[in-house]
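**Q** Take a look at protein-v9.txt, compact mmCIF, C-alpha atoms:
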# COMPACT_ATOMS: atom_id res chain seq x y z
CA MET A 4 21.01 6.36 -14.36
CA SER A 5 23.68 4.32 -12.59
CA ALA A 6 25.30 1.14 -13.87
CA GLY A 7 23.86 -0.55 -10.77
CA GLU A 8 20.35 0.32 -11.91
CA ASP A 9 20.66 -1.33 -15.33
CA LYS A 10 22.45 -4.44 -14.12
CA LEU A 11 20.27 -5.03 -11.08
CA LYS A 12 17.04 -4.22 -12.84
CA ASN A 13 17.84 -6.78 -15.49
CA LEU A 14 18.49 -9.44 -12.84
CA MET A 15 15.35 -8.52 -10.88
CA VAL A 16 13.13 -8.70 -13.97
CA LEU A 17 14.61 -12.10 -14.89
CA GLY A 18 14.18 -13.21 -11.29
CA ASN A 19 10.53 -12.18 -11.17
CA ALA A 20 10.02 -14.13 -14.40
CA GLY A 21 11.27 -17.27 -12.65
CA ASP A 22 15.06 -17.29 -13.26
CA THR A 23 16.29 -18.37 -9.83
CA ALA A 24 19.99 -17.95 -10.60
CA ALA A 25 19.41 -14.37 -11.74
CA TYR A 26 17.31 -13.74 -8.66
CA HIS A 27 20.07 -15.09 -6.41
CA ALA A 28 22.61 -12.82 -8.13
CA PHE A 29 20.21 -9.89 -7.72
CA LEU A 30 19.78 -10.43 -3.98
CA LYS A 31 23.51 -10.93 -3.52
CA ALA A 32 24.41 -7.69 -5.29
CA LEU A 33 21.56 -5.88 -3.59
CA SER A 34 22.77 -6.94 -0.14
CA ALA A 35 26.12 -5.23 -0.79
CA HIS A 36 24.36 -2.04 -1.92
CA LEU A 37 22.06 -2.09 1.09
CA ARG A 38 24.99 -2.64 3.42
CA ALA A 39 26.75 0.47 2.10
CA PHE A 40 23.48 2.43 2.24
CA PHE A 41 22.69 1.53 5.86
CA ARG A 42 26.27 1.81 7.15
CA ARG A 43 26.50 5.33 5.82
CA ARG A 44 23.26 6.25 7.61
CA LEU A 45 23.84 4.36 10.83
CA VAL A 46 27.28 5.64 11.74
CA GLN A 47 26.27 5.72 15.39
CA LEU A 48 24.55 2.33 15.29
CA PRO A 49 26.94 0.13 13.28
CA ASP A 50 25.62 -3.05 14.86
CA GLU A 51 22.17 -2.42 13.46
CA ALA A 52 23.28 -2.15 9.84
CA GLU A 53 23.56 -5.86 9.09
CA ASP A 54 20.23 -6.58 10.83
CA LEU A 55 18.64 -3.96 8.64
CA VAL A 56 20.26 -5.40 5.51
CA GLN A 57 18.67 -8.76 6.32
CA GLU A 58 15.31 -7.24 7.21
CA THR A 59 15.27 -5.28 3.95
CA LEU A 60 16.26 -8.31 1.88
CA LEU A 61 13.37 -10.23 3.37
CA ALA A 62 11.02 -7.31 2.65
CA VAL A 63 12.29 -7.08 -0.94
CA HIS A 64 11.61 -10.79 -1.35
CA ASN A 65 8.19 -10.78 0.31
CA TYR A 66 7.04 -7.79 -1.75
CA ARG A 67 8.83 -8.45 -5.02
CA HIS A 68 5.42 -8.67 -6.74
CA THR A 69 5.02 -4.91 -6.14
CA TYR A 70 7.86 -4.10 -8.50
CA ASP A 71 6.70 -2.89 -11.89
CA ALA A 72 9.37 -3.14 -14.59
CA SER A 73 8.28 0.21 -16.07
CA GLN A 74 9.55 1.87 -12.89
CA PRO A 75 13.23 2.51 -12.00
CA LEU A 76 14.50 -0.20 -9.66
CA THR A 77 16.45 2.45 -7.76
CA ALA A 78 13.25 4.21 -6.69
CA TRP A 79 11.64 0.95 -5.58
CA VAL A 80 14.63 -0.27 -3.58
CA HIS A 81 15.24 3.14 -2.07
CA ALA A 82 11.64 3.47 -0.89
CA ILE A 83 11.79 0.07 0.83
CA ALA A 84 15.24 0.66 2.38
CA ARG A 85 14.23 4.07 3.64
CA TYR A 86 10.95 2.73 5.01
CA LYS A 87 12.74 -0.05 6.89
CA LEU A 88 15.31 2.40 8.24
CA ALA A 89 12.62 4.82 9.45
CA ASP A 90 10.65 1.95 10.99
CA MET A 91 13.72 0.67 12.86
CA LEU A 92 14.61 4.14 14.16
CA ARG A 93 11.03 4.75 15.27
CA ARG A 94 10.98 1.45 17.14
CA ARG A 95 14.30 2.15 18.82
CA THR A 96 13.63 5.73 19.80
CA GLY A 97 9.85 5.60 20.14
CA ARG A 98 9.32 8.60 17.92
CA GLU A 99 9.15 9.49 14.28
CA ALA A 100 12.74 9.74 13.19
CA LEU A 101 14.67 9.90 9.94
CA ASN A 102 14.81 13.53 9.20
CA ASP A 103 17.41 13.35 6.49
CA PRO A 104 17.08 16.20 4.01
CA LEU A 105 20.27 15.19 2.22
CA ASP A 106 18.98 11.73 1.44
CA ASP A 107 19.32 11.14 -2.27
CA GLU A 108 17.51 8.19 -3.74
CA ALA A 109 19.95 7.93 -6.64
CA ASP A 110 22.79 6.69 -4.46
CA VAL A 111 21.16 3.53 -3.14
CA LEU A 112 22.48 1.35 -5.96
CA VAL A 113 25.76 3.19 -6.49
CA SER A 114 28.11 2.18 -3.73
CA SER A 115 28.36 -1.34 -2.38
CA ASP A 116 30.04 -3.06 0.52
CA GLU A 117 30.79 -6.78 0.35
CA GLN A 118 32.22 -6.96 3.86
CA ALA A 119 29.35 -8.50 5.82
CA MET A 120 29.43 -7.97 9.53
CA ASP A 121 27.74 -10.27 11.95
CA ALA A 122 24.06 -9.61 12.33
CA LYS A 123 23.08 -9.01 15.95
CA ARG A 124 19.99 -11.12 15.72
CA ASP A 125 20.10 -14.59 14.29
CA VAL A 126 17.49 -15.30 11.65
CA ALA A 127 17.82 -19.03 12.35
CA THR A 128 16.68 -18.45 15.95
CA LEU A 129 13.63 -16.50 14.77
CA LEU A 130 12.91 -19.19 12.19
CA ALA A 131 12.90 -21.84 14.92
CA GLN A 132 10.09 -19.93 16.68
CA LEU A 133 7.68 -20.30 13.76
CA PRO A 134 4.88 -22.87 14.02
CA ASP A 135 5.57 -26.22 12.32
CA ARG A 136 3.22 -25.57 9.40
CA GLN A 137 5.50 -22.64 8.41
CA ARG A 138 8.83 -23.77 9.84
CA LEU A 139 8.91 -27.20 8.19
CA PRO A 140 8.12 -26.00 4.64
CA ILE A 141 10.86 -23.35 4.95
CA GLN A 142 13.30 -25.89 6.39
CA TYR A 143 12.72 -28.49 3.67
CA VAL A 144 12.22 -26.27 0.62
CA LYS A 145 14.33 -23.20 1.34
CA LEU A 146 17.14 -24.64 3.49
CA ASP A 147 17.43 -28.30 2.51
CA GLY A 148 16.55 -27.60 -1.12
CA LEU A 149 13.88 -30.26 -1.47
CA SER A 150 11.16 -29.88 -4.06
CA VAL A 151 7.63 -28.95 -3.00
CA VAL A 152 6.50 -32.49 -3.87
CA GLU A 153 9.18 -34.05 -1.66
CA ALA A 154 8.44 -31.66 1.19
CA ALA A 155 4.75 -32.51 0.93
CA ARG A 156 5.51 -36.22 1.12
CA LEU A 157 7.82 -35.80 4.13
CA THR A 158 5.44 -33.66 6.14
CA GLY A 159 2.13 -35.17 5.08
CA MET A 160 1.01 -31.65 4.08
CA SER A 161 -0.51 -30.89 0.69
CA GLU A 162 1.65 -29.22 -1.95
CA SER A 163 -0.34 -26.00 -1.74
CA ALA A 164 -0.02 -26.04 2.07
CA ILE A 165 3.76 -26.25 1.60
CA LYS A 166 3.74 -23.23 -0.71
CA VAL A 167 1.44 -21.26 1.58
CA GLY A 168 3.58 -22.27 4.56
CA VAL A 169 6.74 -20.91 2.92
CA HIS A 170 4.99 -17.69 1.92
CA ARG A 171 3.29 -17.03 5.28
CA GLY A 172 6.37 -18.20 7.16
CA LEU A 173 8.57 -15.61 5.47
CA LYS A 174 5.98 -12.92 6.22
CA ALA A 175 5.86 -14.03 9.86
CA LEU A 176 9.65 -14.00 9.94
CA ALA A 177 9.66 -10.40 8.71
CA GLU A 178 7.26 -9.46 11.51
CA LYS A 179 9.50 -11.19 14.09
CA MET A 180 12.48 -9.23 12.74
CA ARG A 181 10.58 -5.97 13.08
CA VAL A 182 9.50 -6.68 16.64
CA SER A 183 13.01 -7.76 17.63
CA ASN A 184 14.12 -4.20 16.86
CA GLU A 185 12.36 -3.05 20.00
CA HIS A 186 14.87 -2.91 22.77
CA MET B 6 22.46 -17.13 9.86
CA ASN B 7 24.66 -14.72 7.91
CA THR B 8 23.41 -12.55 5.10
CA ASP B 9 24.73 -14.76 2.30
CA GLU B 10 22.90 -17.73 3.79
CA LEU B 11 19.72 -15.66 4.00
CA VAL B 12 20.12 -14.65 0.34
CA THR B 13 20.47 -18.31 -0.62
CA LEU B 14 17.41 -19.21 1.45
CA LEU B 15 15.30 -16.49 -0.16
CA ALA B 16 16.37 -17.29 -3.71
CA LYS B 17 15.99 -21.06 -3.46
CA GLY B 18 12.97 -22.23 -5.38
CA ALA B 19 11.67 -18.65 -5.52
CA GLY B 20 9.85 -19.18 -8.82
CA PRO B 21 8.10 -16.52 -10.88
CA VAL B 22 5.80 -13.87 -9.42
CA GLU B 23 2.28 -13.37 -10.68
CA PRO B 24 2.33 -10.32 -12.92
CA ASP B 25 -0.05 -7.41 -12.33
CA ALA B 26 -0.48 -8.23 -8.65
CA ALA B 27 -1.43 -4.69 -7.62
CA ARG B 28 -4.07 -4.23 -10.29
CA ARG B 29 -5.75 -7.57 -9.68
CA ARG B 30 -5.78 -7.08 -5.93
CA PHE B 31 -7.39 -3.66 -6.26
CA ALA B 32 -9.93 -4.93 -8.80
CA MET B 33 -11.01 -7.64 -6.38
CA ALA B 34 -11.13 -5.27 -3.41
CA LEU B 35 -13.16 -2.71 -5.30
CA GLY B 36 -15.58 -5.35 -6.57
CA TRP B 37 -16.33 -6.67 -3.09
CA GLY B 38 -16.27 -3.23 -1.47
CA MET B 39 -18.67 -1.70 -3.99
CA ALA B 40 -20.98 -4.68 -3.68
CA GLY B 41 -21.04 -4.18 0.10
CA THR B 42 -21.63 -0.44 -0.11
CA THR B 43 -24.33 -0.77 -2.80
CA LEU B 44 -26.12 -3.49 -0.88
CA ALA B 45 -26.01 -1.44 2.33
CA MET B 46 -27.37 1.61 0.49
CA ALA B 47 -30.14 -0.37 -1.23
CA MET B 48 -31.26 -2.08 1.97
CA ALA B 49 -30.88 0.77 4.47
CA LEU B 50 -31.84 3.75 2.28
CA GLY B 51 -33.17 2.57 -1.08
CA VAL B 52 -32.74 4.09 -4.51
CA ARG B 53 -34.76 7.28 -4.90
CA PRO B 54 -38.20 6.33 -6.25
CA ASP B 55 -38.11 8.83 -9.13
CA ILE B 56 -34.73 7.60 -10.37
CA VAL B 57 -35.94 7.08 -13.94
CA ALA B 58 -37.43 10.57 -14.23
CA VAL B 59 -34.32 12.15 -12.74
CA LEU B 60 -32.04 10.54 -15.35
CA SER B 61 -32.82 13.46 -17.67
CA VAL B 62 -31.72 16.07 -15.11
CA PRO B 63 -28.12 17.21 -15.80
CA MET B 64 -27.42 17.88 -12.12
CA PHE B 65 -28.16 14.25 -11.30
CA TRP B 66 -25.29 13.28 -13.60
CA VAL B 67 -22.99 15.89 -12.04
CA LYS B 68 -23.83 14.44 -8.63
CA LEU B 69 -23.05 10.93 -9.87
CA MET B 70 -20.05 11.68 -12.09
CA PHE B 71 -18.19 13.99 -9.71
CA PRO B 72 -17.64 11.34 -7.01
CA ALA B 73 -17.21 8.64 -9.67
CA LEU B 74 -14.36 10.60 -11.28
CA VAL B 75 -12.83 11.30 -7.87
CA ALA B 76 -12.98 7.54 -7.26
CA VAL B 77 -11.20 6.79 -10.57
CA THR B 78 -8.51 9.35 -9.73
CA MET B 79 -8.04 7.97 -6.23
CA LEU B 80 -7.96 4.39 -7.51
CA TYR B 81 -5.00 5.42 -9.63
CA ALA B 82 -3.38 7.20 -6.68
CA ALA B 83 -4.01 4.28 -4.30
CA THR B 84 -2.47 1.71 -6.63
CA ARG B 85 0.59 3.95 -6.94
CA LEU B 86 0.85 4.53 -3.19
CA ALA B 87 0.65 0.78 -2.59
CA ARG B 88 3.91 0.24 -4.46
CA PRO B 89 7.27 1.48 -3.11
CA GLY B 90 8.73 4.43 -4.95
CA ALA B 91 5.89 4.85 -7.49
CA ARG B 92 5.07 8.46 -8.26
CA LEU B 93 1.63 9.99 -7.90
CA GLY B 94 1.83 11.72 -11.27
CA ARG B 95 -1.19 13.82 -12.17
CA ALA B 96 -3.57 12.42 -9.54
CA PRO B 97 -3.37 15.39 -7.10
CA ALA B 98 -3.86 17.91 -9.94
CA MET B 99 -6.80 15.90 -11.31
CA LEU B 100 -8.40 15.86 -7.86
CA GLY B 101 -7.97 19.62 -7.63
CA VAL B 102 -9.60 20.15 -11.02
CA LEU B 103 -12.62 18.00 -10.12
CA VAL B 104 -13.24 19.84 -6.85
CA ALA B 105 -12.72 23.20 -8.57
CA VAL B 106 -15.32 22.33 -11.22
CA VAL B 107 -18.08 21.55 -8.71
CA TRP B 108 -17.18 24.62 -6.68
CA VAL B 109 -17.47 26.82 -9.77
CA LEU B 110 -20.84 25.23 -10.55
CA GLY B 111 -21.92 25.84 -6.96
CA ILE B 112 -20.78 29.46 -6.91
CA PHE B 113 -22.55 30.23 -10.18
CA ALA B 114 -25.75 28.64 -8.89
CA LEU B 115 -25.58 30.80 -5.74
CA LEU B 116 -24.83 33.97 -7.70
CA GLY B 117 -27.77 33.32 -10.01
CA ALA B 118 -30.23 32.64 -7.20
CA ALA B 119 -32.37 35.11 -5.26
CA PRO B 120 -30.82 35.89 -1.85
CA GLU B 121 -33.64 34.22 0.08
CA GLU B 122 -33.18 30.96 -1.88
CA ARG B 123 -29.47 30.65 -1.21
CA LYS B 124 -29.74 29.05 2.18
CA TYR B 125 -31.86 26.26 0.71
CA LEU B 126 -29.42 25.73 -2.20
CA VAL B 127 -26.63 25.17 0.32
CA PHE B 128 -28.37 23.10 2.98
CA GLY B 129 -31.21 21.43 1.08
CA ASP B 130 -33.35 19.17 3.27
CA THR B 131 -30.79 16.47 4.00
CA TRP B 132 -27.30 17.87 4.60
CA ILE B 133 -26.84 16.17 7.98
CA PHE B 134 -28.14 12.90 6.59
CA CYS B 135 -25.70 13.18 3.68
CA LEU B 136 -22.78 13.86 6.05
CA ILE B 137 -23.58 10.77 8.10
CA SER B 138 -24.47 8.43 5.22
CA ILE B 139 -21.41 8.93 3.00
CA PRO B 140 -18.84 8.07 5.72
CA LEU B 141 -20.91 5.11 6.99
CA LEU B 142 -21.48 3.69 3.50
CA SER B 143 -17.76 4.04 2.76
CA ILE B 144 -16.80 1.46 5.39
CA PRO B 145 -17.05 -1.69 3.17
CA VAL B 146 -14.90 -0.13 0.44
CA PHE B 147 -12.45 1.21 3.01
CA ILE B 148 -11.94 -2.21 4.59
CA ALA B 149 -11.50 -3.83 1.16
CA VAL B 150 -9.00 -1.22 -0.06
CA ILE B 151 -6.96 -1.46 3.15
CA TRP B 152 -6.92 -5.23 2.63
CA ALA B 153 -5.63 -4.69 -0.92
CA MET B 154 -2.92 -2.34 0.32
CA LYS B 155 -1.85 -4.70 3.07
CA GLY B 156 -0.93 -7.31 0.46
CA LEU B 157 1.23 -4.72 -1.26
CA ALA B 158 3.87 -2.45 0.24
CA PRO B 159 2.88 1.18 0.89
CA THR B 160 5.76 3.20 2.32
CA ARG B 161 3.97 6.52 2.91
CA LEU B 162 1.38 5.23 5.33
CA SER B 163 -0.61 8.37 6.17
CA LEU B 164 -0.90 9.28 2.52
CA ALA B 165 -1.83 5.71 1.56
CA GLY B 166 -4.44 5.54 4.33
CA GLY B 167 -5.83 8.91 3.29
CA ALA B 168 -6.03 7.83 -0.35
CA ALA B 169 -7.81 4.63 0.69
CA GLY B 170 -10.27 6.72 2.71
CA LEU B 171 -10.92 9.19 -0.09
CA LEU B 172 -11.37 6.37 -2.60
CA ALA B 173 -13.86 4.72 -0.24
CA GLY B 174 -15.64 8.03 0.40
CA ALA B 175 -15.88 8.77 -3.33
CA VAL B 176 -17.32 5.36 -4.18
CA SER B 177 -19.72 5.74 -1.27
CA ALA B 178 -20.81 9.21 -2.46
CA ALA B 179 -21.43 7.92 -5.99
CA VAL B 180 -23.58 5.10 -4.61
CA TYR B 181 -25.34 7.47 -2.19
CA ALA B 182 -26.13 9.76 -5.15
CA LEU B 183 -28.64 7.13 -6.32
CA HIS B 184 -30.59 7.69 -3.10
CA CYS B 185 -29.91 11.37 -2.43
CA PRO B 186 -32.91 13.62 -3.20
CA GLU B 187 -30.88 16.83 -3.58
CA LEU B 188 -30.22 18.31 -7.03
CA GLU B 189 -28.49 21.63 -6.30
CA ALA B 190 -24.86 22.31 -7.20
CA PRO B 191 -23.95 24.15 -3.96
CA PHE B 192 -25.17 21.18 -1.93
CA ILE B 193 -22.91 18.81 -3.86
CA ALA B 194 -19.97 21.21 -3.81
CA ILE B 195 -20.09 21.38 -0.02
CA TRP B 196 -21.61 18.26 1.52
CA TYR B 197 -20.38 15.67 -0.95
CA VAL B 198 -16.86 17.06 -0.65
CA VAL B 199 -17.01 17.17 3.16
CA GLY B 200 -18.66 13.73 3.30
CA MET B 201 -15.86 12.20 1.21
CA SER B 202 -13.22 14.03 3.24
CA ILE B 203 -14.30 12.45 6.54
CA PRO B 204 -13.18 8.90 5.59
CA ALA B 205 -10.10 10.45 3.95
CA PHE B 206 -9.06 12.10 7.22
CA ALA B 207 -9.90 8.97 9.19
CA GLY B 208 -7.79 6.92 6.78
CA ALA B 209 -4.85 9.30 7.09
CA MET B 210 -5.07 9.10 10.88
CA ILE B 211 -5.27 5.31 11.20
CA GLY B 212 -3.28 4.43 8.07
CA PRO B 213 0.08 4.22 9.86
CA ARG B 214 -1.33 1.74 12.36
CA LEU B 215 -3.28 -0.36 9.84
CA LEU B 216 -0.69 -0.53 7.09
CA ARG B 217 2.62 -0.97 8.89
CA TRP B 218 4.76 -3.88 7.63
Using the file provided, produce a representation of the structure as C-alpha cells.

**A**
Amino acid sequence: MSAGEDKLKNLMVLGNAGDTAAYHAFLKALSAHLRAFFRRRLVQLPDEAEDLVQETLLAVHNYRHTYDASQPLTAWVHAIARYKLADMLRRRTGREALNDPLDDEADVLVSSDEQAMDAKRDVATLLAQLPDRQRLPIQYVKLDGLSVVEAARLTGMSESAIKVGVHRGLKALAEKMRVSNEH
Amino acid sequence: MNTDELVTLLAKGAGPVEPDAARRRFAMALGWGMAGTTLAMAMALGVRPDIVAVLSVPMFWVKLMFPALVAVTMLYAATRLARPGARLGRAPAMLGVLVAVVWVLGIFALLGAAPEERKYLVFGDTWIFCLISIPLLSIPVFIAVIWAMKGLAPTRLSLAGGAAGLLAGAVSAAVYALHCPELEAPFIAIWYVVGMSIPAFAGAMIGPRLLRW
C-alpha cells in the first residue's frame, strides 16, 4: 500500500463526510497523480493529458458517492482514470483501444506531477453553453462562492433548484467534455 | 479555466455525500422493477390456480428458489459492478454452483426416468412459452436496474449490462415460477437457465451504449 493511498484516502473520506478543506486538498493532490498517470500513457498525445485530468476530476467529483471507504482508494481512482482514458481513445480513434497489459493499478497514486500544462479545451467555455438553470447556480455557488440561500435570492430559484442545478450542471459539463473529445 | 481553478470550483460548497448511495438506489430499483414484473405476470398470465396445493411439492420450491438465489447473487454482483474498482468476489463461483445444482438434479431425474418419458421431462408442455415469458417479464426489472446503474459509475460496461440482464432475468424467472405449470427438474435446468440468459446476453450487448458516462 502506497503512502499516497493512506493520505489521499483519509482526505477523501473526510471530504465525503463534508470537510470541504480536506476535499479540496484531496482533489488537488489527486490532480497531480492523474497528471503523471495520463502523461505516462499519452506520450504521443501530450496535449490531451491535461484535458483528461480535468475530465477525470469532474468524474471523480460527480461520482464520489460511489466510493466505499472499505475499498482501497487506489482501485477506485484507477478504475475511473482508466475508464476515462479508454473512452477518450475510443472517441479519438473510433475503435476499442487501450490494450495495455503492463498497466498496474498500484501506480496510479504513486507518482505525481504538479506542473500543469494548459488544457486544450476551456472548461469555462463549456460552462457558458449550459442552460441558465444550471449555469447560474454553478456561477454563483461554485465560482462566486455565494451560499445556496444567496444564490436562490439572486436568481429567484428555490434553494433545492439551486442544488439540483449545480448537480445536473456538473453532469452536463462532464458530457460536454466527453463529446468535445471527438475530433 | 486551468486545473487548479477547476479543483477549487468542484470543492467549493461540496458538502457531504449521502452514505450508502449504491445500496439505496438498487433497493429502490428492485422494488419498482419487481412490482412491475409481478403486476405484468399477474395480469397477463395469472398465478397458477393450484398454487396452494403445489406449495407442498419440493420441486416447486426448487423452481422458485433457484432463480431467487441467482437474483440475490446477481444483485450482489451488480452493486459491485456499479462502483469503480470493486471486486466481484465470490459471485461468479456462486452462480456456477447454483447452475450446477439444478443441472445435477436434472440429470438425475433423466437417468431415473424411463426412456420414453425423457422427452416430456425436458420439454414439458410449455417450453416455448417459458422462453418467451421470462425475457419479456424481465423488462421492468431490467429498466429499473439500468436506471440504478446509470446513477452510479460502472466501468466494465458489457459485464455490468450483462449482470443487470441476468438479475432481471432471474427475478423474472422467480416471478414466472408462480405461474409456470411445469414441475420437472430437467425443464428448469434447461429452460429457466436459457430464459434468464437471454436478457443477460441482451444486457451485455447493449450495456456499453446504455451505461456510458

**Q** For CA of Phe65 in chain B and CA of Leu142 in chain B, determine how far apart the two atoms are, in Å to one decimal place.

**A**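 Pair CA of Phe65 in chain B / CA of Leu142 in chain B returns 19.4 Å.
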
**Q** Need the shell around Arg42 in chain A: protein/DNA/RNA residues with any atom at most 10 Å away, counting all atoms listed in the file. Skip same-chain ones fewer than 4 positions apart. Format as a tab-separated table (two decimals) with C-alpha atoms, in the frame of the given file?

**A**
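To be explicit, this is the file written out as part-v4.tsv:
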chain	number	residue	atom	x	y	z
A	37	LEU	CA	22.06	-2.09	1.09
A	38	ARG	CA	24.99	-2.64	3.42
A	46	VAL	CA	27.28	5.64	11.74
A	47	GLN	CA	26.27	5.72	15.39
A	48	LEU	CA	24.55	2.33	15.29
A	49	PRO	CA	26.94	0.13	13.28
A	50	ASP	CA	25.62	-3.05	14.86
A	51	GLU	CA	22.17	-2.42	13.46
A	52	ALA	CA	23.28	-2.15	9.84
A	53	GLU	CA	23.56	-5.86	9.09
A	55	LEU	CA	18.64	-3.96	8.64
A	56	VAL	CA	20.26	-5.40	5.51
A	116	ASP	CA	30.04	-3.06	0.52

**Q** Could you make a table, as CSV, of the residues of chain B that have an atom within 12 Å of an atom of chain A, each with its nearest atom pair and distance in Å to one decimal, counting only C-alpha atoms, in chain and number order?

**A**
residue,atom,partner,partner_atom,distance
B:Met6,CA,A:Val126,CA,5.6
B:Asn7,CA,A:Asp121,CA,6.8
B:Thr8,CA,A:Gln57,CA,6.2
B:Asp9,CA,A:Lys31,CA,7.1
B:Glu10,CA,A:Leu146,CA,9.0
B:Leu11,CA,A:Gln57,CA,7.4
B:Val12,CA,A:Leu30,CA,6.0
B:Thr13,CA,A:His27,CA,6.6
B:Leu14,CA,A:Lys145,CA,5.0
B:Leu15,CA,A:His64,CA,6.9
B:Ala16,CA,A:His27,CA,5.1
B:Lys17,CA,A:Lys145,CA,5.5
B:Gly18,CA,A:Thr23,CA,6.8
B:Ala19,CA,A:Thr23,CA,6.3
B:Gly20,CA,A:Gly21,CA,4.5
B:Pro21,CA,A:Gly21,CA,3.7
B:Val22,CA,A:Asn19,CA,5.3
B:Glu23,CA,A:His68,CA,6.9
B:Pro24,CA,A:His68,CA,7.1
B:Asp25,CA,A:His68,CA,7.9
B:Ala26,CA,A:His68,CA,6.2
B:Ala27,CA,A:Thr69,CA,6.6
B:Arg28,CA,A:Thr69,CA,10.0
B:Arg29,CA,A:His68,CA,11.6
B:Arg30,CA,A:Thr69,CA,11.0
B:Thr84,CA,A:Thr69,CA,10.0
B:Arg85,CA,A:Thr69,CA,9.9
B:Leu86,CA,A:Thr69,CA,10.7
B:Ala87,CA,A:Thr69,CA,8.0
B:Arg88,CA,A:Thr69,CA,5.5
B:Pro89,CA,A:Trp79,CA,5.0
B:Gly90,CA,A:Trp79,CA,4.6
B:Ala91,CA,A:Gln74,CA,7.2
B:Arg92,CA,A:Gln74,CA,9.2
B:Ala153,CA,A:Thr69,CA,11.9
B:Met154,CA,A:Thr69,CA,10.6
B:Lys155,CA,A:Tyr66,CA,10.6
B:Gly156,CA,A:Tyr66,CA,8.3
B:Leu157,CA,A:Thr69,CA,6.2
B:Ala158,CA,A:Tyr66,CA,6.5
B:Pro159,CA,A:Ile83,CA,9.0
B:Thr160,CA,A:Tyr86,CA,5.9
B:Arg161,CA,A:Tyr86,CA,8.2
B:Leu162,CA,A:Tyr86,CA,9.9
B:Pro213,CA,A:Asp90,CA,10.9
B:Arg217,CA,A:Asp90,CA,8.8
B:Trp218,CA,A:Glu178,CA,7.2

**Q** Just the number, please: distance in Å from CA of Leu115 in chain B to CA of Met64 in chain B, one decimal.

**A**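 Distance between the two atoms: 14.5 Å.
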
**Q** From the options A:Gln118, A:His36, A:Pro140, A:Pro134, which residue's atoms come nearest to Ile165 in chain A, counting all atoms listed in the file?

**A** A:Pro140

**Q** Can you measure CA of Arg136 in chain A to CA of Ala155 in chain A for me? One decimal in Å is fine.

**A** 11.1 Å

**Q** Counting only C-alpha atoms, what is within 7 Å of Gly167 in chain B, bar same-chain residues fewer than 6 positions away, as an MDAnalysis selection string?

**A** chainID B and resid 205:206 208:209

**Q** With distances taken over only C-alpha atoms, which of B:Leu172, B:Leu103, B:Cys185, B:Met201 is nearest to Gly51 in chain B?

**A**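 Between B:Leu172, B:Leu103, B:Cys185, B:Met201, the residue approaching Gly51 in chain B most closely is B:Cys185.
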
**Q** Counting all atoms listed in the file, which of A:Val169, A:Ala89, A:Met180, A:Leu157 gets nearest to Arg138 in chain A?

**A**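 Checking each of A:Val169, A:Ala89, A:Met180, A:Leu157 against Arg138 in chain A, counting all atoms listed in the file, the winner is A:Val169.
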
**Q** Counting all atoms listed in the file, find the residues whose atoms lie at most 7 Å from (-14.6, 16.1, -10.9) (file coordinates) and write them out as a VMD selection string.

**A** chain B and resid 71 to 72 74 to 75 100 102 to 104 106 to 107

**Q** I'd like the neighbourhood of Ala34 in chain B as a PyMOL selection string, where a residue qualifies if any of its atoms comes within 10 Å (using all atoms listed in the file), though same-chain residues fewer than 5 positions away should be ignored.

**A** chain B and resi 28-29+39-40+145-154

**Q** Kindly complete range 159-171 of chain A to N, CA and C atoms; the output should be written as a CSV table (one decimal), in the frame of the given file.

**A**
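File out.csv, as written:
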chain,number,residue,atom,x,y,z
A,159,GLY,N,3.5,-34.8,5.1
A,159,GLY,CA,2.1,-35.2,5.1
A,159,GLY,C,1.2,-34.0,4.8
A,160,MET,N,1.8,-32.8,4.5
A,160,MET,CA,1.0,-31.6,4.1
A,160,MET,C,0.8,-31.7,2.6
A,161,SER,N,-0.3,-31.0,2.1
A,161,SER,CA,-0.5,-30.9,0.7
A,161,SER,C,0.5,-30.0,0.0
A,162,GLU,N,0.7,-30.1,-1.3
A,162,GLU,CA,1.6,-29.2,-2.0
A,162,GLU,C,1.3,-27.7,-1.8
A,163,SER,N,0.0,-27.4,-1.9
A,163,SER,CA,-0.3,-26.0,-1.7
A,163,SER,C,-0.1,-25.5,-0.3
A,164,ALA,N,-0.3,-26.4,0.7
A,164,ALA,CA,0.0,-26.0,2.1
A,164,ALA,C,1.5,-25.8,2.3
A,165,ILE,N,2.3,-26.5,1.5
A,165,ILE,CA,3.8,-26.2,1.6
A,165,ILE,C,4.1,-24.8,1.1
A,166,LYS,N,3.5,-24.5,-0.1
A,166,LYS,CA,3.7,-23.2,-0.7
A,166,LYS,C,3.2,-22.1,0.2
A,167,VAL,N,2.0,-22.3,0.7
A,167,VAL,CA,1.4,-21.3,1.6
A,167,VAL,C,2.3,-21.1,2.8
A,168,GLY,N,2.8,-22.3,3.3
A,168,GLY,CA,3.6,-22.3,4.6
A,168,GLY,C,4.9,-21.5,4.4
A,169,VAL,N,5.5,-21.7,3.2
A,169,VAL,CA,6.7,-20.9,2.9
A,169,VAL,C,6.4,-19.4,2.9
A,170,HIS,N,5.4,-19.1,2.1
A,170,HIS,CA,5.0,-17.7,1.9
A,170,HIS,C,4.6,-17.0,3.2
A,171,ARG,N,3.7,-17.6,4.0
A,171,ARG,CA,3.3,-17.0,5.3
A,171,ARG,C,4.4,-17.0,6.3
